[in-house]
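Undergrad: Right, I'll just put the structure down here and ask away after.
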Amino acid sequence: MANSPRFSLLAVALAATIGTAGAQTAAPQRAQPGTPAPAESGGVADTSIFAPLPLPTPNEFRLASGAPGPRYWQNRADYDITATLDTGANALTGELTMRYTNNSPTTLDHIWMQVEQNAFTDSSLNAYIYPQNSRFGARAFAGGDEIDHFEQIVTARGAKNGRKVPLKTRTYDTMLYVELAEPLAPGKTATFSVGWHFKIPEHGADRMGHDGPLYELAQWYPRVAVYDDVRGWNTDPYVGQGEFYLEYGDFTYAVTVPAGYIVAGTGTLENPREVLTATQIARLAKAARSDTVVHIITQAELESGAARPSRTGTATWKFRAHNVRDVAWAASPEYLWDATSWKGIMAYAYYRPSAIDPWSDAADEARMSIMEYSERWFQYPYPQISAVEGPVSGMEYPMLAMEARSEDKYDLYNVVTHEIGHNWFPMIVGSNERIHFWQDEGFNTFINTFSEARRYPERGDQMQRAADERSQIEQTMIHDVDVPIEQPADRIDPRRLGFTEYTKTSVGLQLLRQEILGPAAFDDAFRTYVKRWAFKHPTPADFYRTMEDVSGQRLSWFWREWFITNDHFDQAIDTVVTRTKGDTTMVGVLYGNHARGVLPIRVRFTFSDGSTQDYRYPANVWSQNSSQYGRRYDFVGKTLVKIELDPDKRLIDVNRANNVWTAKPAAVNP
């Protein structure tokens, strides 16, 4: 069998290249109304799906290749924090010193801070937008950050010690404007002293909160907003559904809690001898050399009181974290603690006895997660990862993943590996989650399919999991409930958030990997994107350009149809013409594209003897005519009985009824 060169569409339609004798033709189907015609000559702008994508002009900060430029910059924030948890009042009081370094080329006369507990005031945007009892609602809780003092430490030239200057501030929802005591020039560092306190919500928009004596503390200290080369100050308020965008820096923090509490937090515990027993320290040393789980705190020790050095008074837990964009912690007097390790990286699980099934697997699940993502994409750069059980259904922070109890080991692993995967996106690759949610949730959902398949292959390999996601997105398009991916998270109906930002993005990356670039080129490009933008702030354009730079393919059509607009996909077999000459069957096929979006063509020819022949054509075959594409085929010694588009359902197609052509039965002479 041979695939002959492409023949003209008109010839296909009229059967001119084959002749009409014995021809069988499917009625051609016209493209859906509104499908743009190809741009004509004479200076008319290219409005086709293949038109170049209008991306920001490359510059010395961000290159046309998608890499950071020679003068790329980002500011830095280092924090020293002390805080006290008052479990009687369900409140936290804190003091911090922040050193903010201006690496931008601009002198700053003010900064913006995030005070995100203000989402839980009765006059916040959160309170106005989300129903009280919804996932992101405040649930009638009256809270908010109370700033006790905000000062800049100013040191006169030649002086050894600085003086604290109170600063003028004003609040807009969850953002705090701070007027500096003196301008902050490029390359200089300003130091601030801040005191604050807040009541801890029970349900903190499902991202922090408490359940009886268990506390999960996040968005718990005033944090400087990002000032970047793309938008200047990023002052988008926190409303609960959208997540975070933060600067990198080094942190030390000390949290004082009742002495009976166990604390898990971002970073490395700096004072184990003050808060752990000698037995626990020895067990941790053993776990650091073990790929199996070691019980650091057992249920028997919790019940007997041996789990804590002291059960009266308070204890201060001190942590240190290097080059992270945030810190969070959890504390409970009921935590069991398991540990294991991979290549010296500790994997911890903290959970209450009531959650022991299935949480006894959690430390090993955490270990496998960091192993999978490290081996496939980018080496995990931090000393530990902690999975903590509590009221939050699933939320991520650097080195800390919050999960609820879960139904079984499969459900738990899906959440654990998802939240731990976020340490790559957006904790390592620091994209702006507030306005490009898909660069966080969608990328992570994509890498989760590999991790889930590795852990529990009996539930489906990676390709099967990708197929399940693809089927979900195909259904959203069939029922026309899908929306564009590229929009701020807080602009999306919460009912559509999951399948839009998470699943649809993952499906797009799966299509790009399997059907467009191929796994080798995709994986090289995706790893390059992570490496280029680790601990930096990429935009979608940086991602698009990097994937094109490394793969060698121009993908404007794909970025446009999948991430920016909301195109649907409907390939069809419009016309089939056949003619037999001797032992050769000549076949002309006119493929149709009845929607705006384009994808590669996968087609299978089936013959009377049961044999098949598959052909694949890249999506670029639609570039000159996005509605029709024709091919001629010659088959020697074969009788064609069926042609089917996308027989294995590897693509998206909203109408598969037009995907199949079958030969008419031969006439029987009386």
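Residues are referred to by chain and number: the chain letter is A, B, ... according to the order shown in the structure tokens, the number counts from 1 in that chain, and ligands are numbered separately from 1 in the order shown.
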Taking only range 359-412 of chain A into account, list the residues labelled strand (DSSP E or B) by DSSP (computed from the backbone), as a PyMOL selection string.

TA: chain A and resi 384-389+394-397+400-403

Undergrad: Output as a count of residues only all residues of range 249-289 of chain A that backbone DSSP marks as alpha helix (DSSP H).

TA: 14

Undergrad: Counting only C-alpha atoms, which residue out of A:Ala355, A:Leu336, A:Val530, A:Val327 sits closest to Phe378 in chain A?

TA: A:Val530

Undergrad: When distances are computed from only C-alpha atoms, which of A:Ser556, A:Ser431, A:Gln384, A:Asn655 shows the smallest separation from Ala287 in chain A?

TA: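 For Ala287 in chain A, the nearest of the candidates is A:Gln384.
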
Undergrad: Counting only C-alpha atoms, which residues in range 247-291 of chain A sit no more than 9 Å from range 385-399 of chain A? For each one, give the nearest pair of atoms and the distance in Å, sorted by chain then residue number, as JSON lines.

TA:
```
{"residue": "A:Ala264", "atom": "CA", "partner": "A:Ser386", "partner_atom": "CA", "distance": 7.2}
{"residue": "A:Gly265", "atom": "CA", "partner": "A:Ser386", "partner_atom": "CA", "distance": 7.6}
{"residue": "A:Thr266", "atom": "CA", "partner": "A:Met399", "partner_atom": "CA", "distance": 5.1}
{"residue": "A:Gly267", "atom": "CA", "partner": "A:Met399", "partner_atom": "CA", "distance": 6.7}
```

Undergrad: Could you jot down the CA of Pro222 in chain A to CA of Phe141 in chain A separation for me, Å, one decimal place?

TA: 19.8 Å

Undergrad: Smallest atom-to-atom distance to Thr84 in chain A: which of A:Pro201, A:Pro272, A:Gly195, A:Pro457, using only C-alpha atoms?

TA: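 Once distances to Thr84 in chain A are computed over only C-alpha atoms, the minimum belongs to A:Gly195.
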
Undergrad: Give the answer as one residue: which of A:Arg367, A:Arg465, A:Lys531, A:Lys536 has the shortest atom-to-atom distance to Glu247 in chain A, using only C-alpha atoms?

TA: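 The shortest atom-to-atom distance to Glu247 in chain A comes from A:Lys536.
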
Undergrad: Which is closer to His203 in chain A than all the others in A:Gly249, A:Gly460, A:Gly162, A:Gly137, using only C-alpha atoms?

TA: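 Among the listed residues, the smallest separation from His203 in chain A belongs to A:Gly137.
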
Undergrad: CA of Tyr350 in chain A and CA of Ala278 in chain A, how far apart in Å?

TA: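 CA of Tyr350 in chain A lies at a distance of 19.0 Å from CA of Ala278 in chain A.
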
Undergrad: Which neighbours of Met175 in chain A fall inside 7 Å, counting only C-alpha atoms, when residues of the same chain fewer than 4 positions from it are skipped, and could you give them as an MDAnalysis selection string?

TA: chainID A and resid 112:115 171 235 237

Undergrad: Let me see the file: selected residues, N, CA and C atoms, as a CSV table (one decimal), in the first residue's frame.

TA:
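Everything below was put into part_31.csv:
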```csv
chain,number,residue,atom,x,y,z
A,112,TRP,N,3.6,47.7,48.6
A,112,TRP,CA,2.3,47.2,48.9
A,112,TRP,C,2.5,45.9,49.7
A,113,MET,N,1.7,45.7,50.7
A,113,MET,CA,1.7,44.5,51.5
A,113,MET,C,0.4,43.7,51.4
A,114,GLN,N,0.5,42.4,51.5
A,114,GLN,CA,-0.7,41.6,51.5
A,114,GLN,C,-1.1,41.3,53.0
A,115,VAL,N,-2.3,41.7,53.3
A,115,VAL,CA,-2.9,41.4,54.7
A,115,VAL,C,-4.1,40.6,54.5
A,171,THR,N,-5.4,50.9,53.8
A,171,THR,CA,-5.8,49.6,53.5
A,171,THR,C,-6.9,49.6,52.4
A,235,THR,N,-1.3,44.2,42.8
A,235,THR,CA,-2.2,44.5,43.9
A,235,THR,C,-3.5,43.8,43.8
A,237,PRO,N,-6.5,41.8,44.9
A,237,PRO,CA,-6.8,41.4,46.2
A,237,PRO,C,-7.0,39.9,46.3
```

Undergrad: Give me the residues near Ile345 in chain A as a ChimeraX atom specification, where near means some atom within 10 Å (using only C-alpha atoms) and where sequence neighbours in that chain fewer than 3 positions away do not count.

TA: /A:287-289,340-342,348,367,370-371,380-385

Undergrad: Would you mind exporting C-alpha atoms of the selected residues as a short mmCIF file (atom, residue, chain, number, x, y, z; two decimals), in the first residue's frame?

TA:
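The result, written out as part_9.cif:
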```
data_model
loop_
_atom_site.label_atom_id
_atom_site.label_comp_id
_atom_site.auth_asym_id
_atom_site.auth_seq_id
_atom_site.Cartn_x
_atom_site.Cartn_y
_atom_site.Cartn_z
CA ALA A 287 14.54 7.85 59.15
CA ALA A 288 17.11 10.03 57.36
CA ARG A 289 18.81 6.81 56.23
CA THR A 340 11.11 8.29 55.74
CA SER A 341 13.58 9.71 53.23
CA TRP A 342 14.77 9.75 49.63
CA TYR A 348 7.03 13.46 56.90
CA ARG A 367 8.44 10.17 49.51
CA ILE A 370 9.16 13.97 45.50
CA MET A 371 11.01 11.05 43.89
CA TYR A 380 13.48 18.82 44.60
CA PRO A 381 15.65 21.56 46.16
CA TYR A 382 14.42 21.55 49.75
CA PRO A 383 15.43 19.42 52.79
CA GLN A 384 11.99 18.02 53.60
CA ILE A 385 8.35 17.69 52.60
#
```

Undergrad: Taking into account only C-alpha atoms, which residue in the set A:Gly240, A:Gly588, A:Pro358, A:Pro70 is nearest to Asp411 in chain A?

TA: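 Ranked by minimum distance to Asp411 in chain A, first place goes to A:Pro358.
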
Undergrad: Report as CSV: every residue of range 255-288 of chain A with an atom at most 12 Å from range 74-82 of chain A, its closest pair of atoms, and their distance in Å to one decimal, counting only C-alpha atoms, with rows sorted by chain and ascending residue number.

TA:
```
residue,atom,partner,partner_atom,distance
A:Val255,CA,A:Thr82,CA,5.9
A:Thr256,CA,A:Thr82,CA,8.0
A:Val257,CA,A:Thr82,CA,11.4
```

Undergrad: Go ahead and write the residues just picked, C-alpha atoms, as a PDB file, in the first residue's frame.

TA:
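Output saved as part.pdb:
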```pdb
ATOM      1  CA  VAL A 255       6.111  29.871  66.906  1.00  0.00           C
ATOM      2  CA  THR A 256       5.194  29.568  70.572  1.00  0.00           C
ATOM      3  CA  VAL A 257       2.445  27.036  71.292  1.00  0.00           C
TER       4      VAL A 257
END
```

Undergrad: Any idea what's packed within 6 Å of Gly143 in chain A, counting only C-alpha atoms, ignoring anything in its chain fewer than 4 positions away? Could you give it as a PyMOL selection string?

TA: chain A and resi 120-121+199
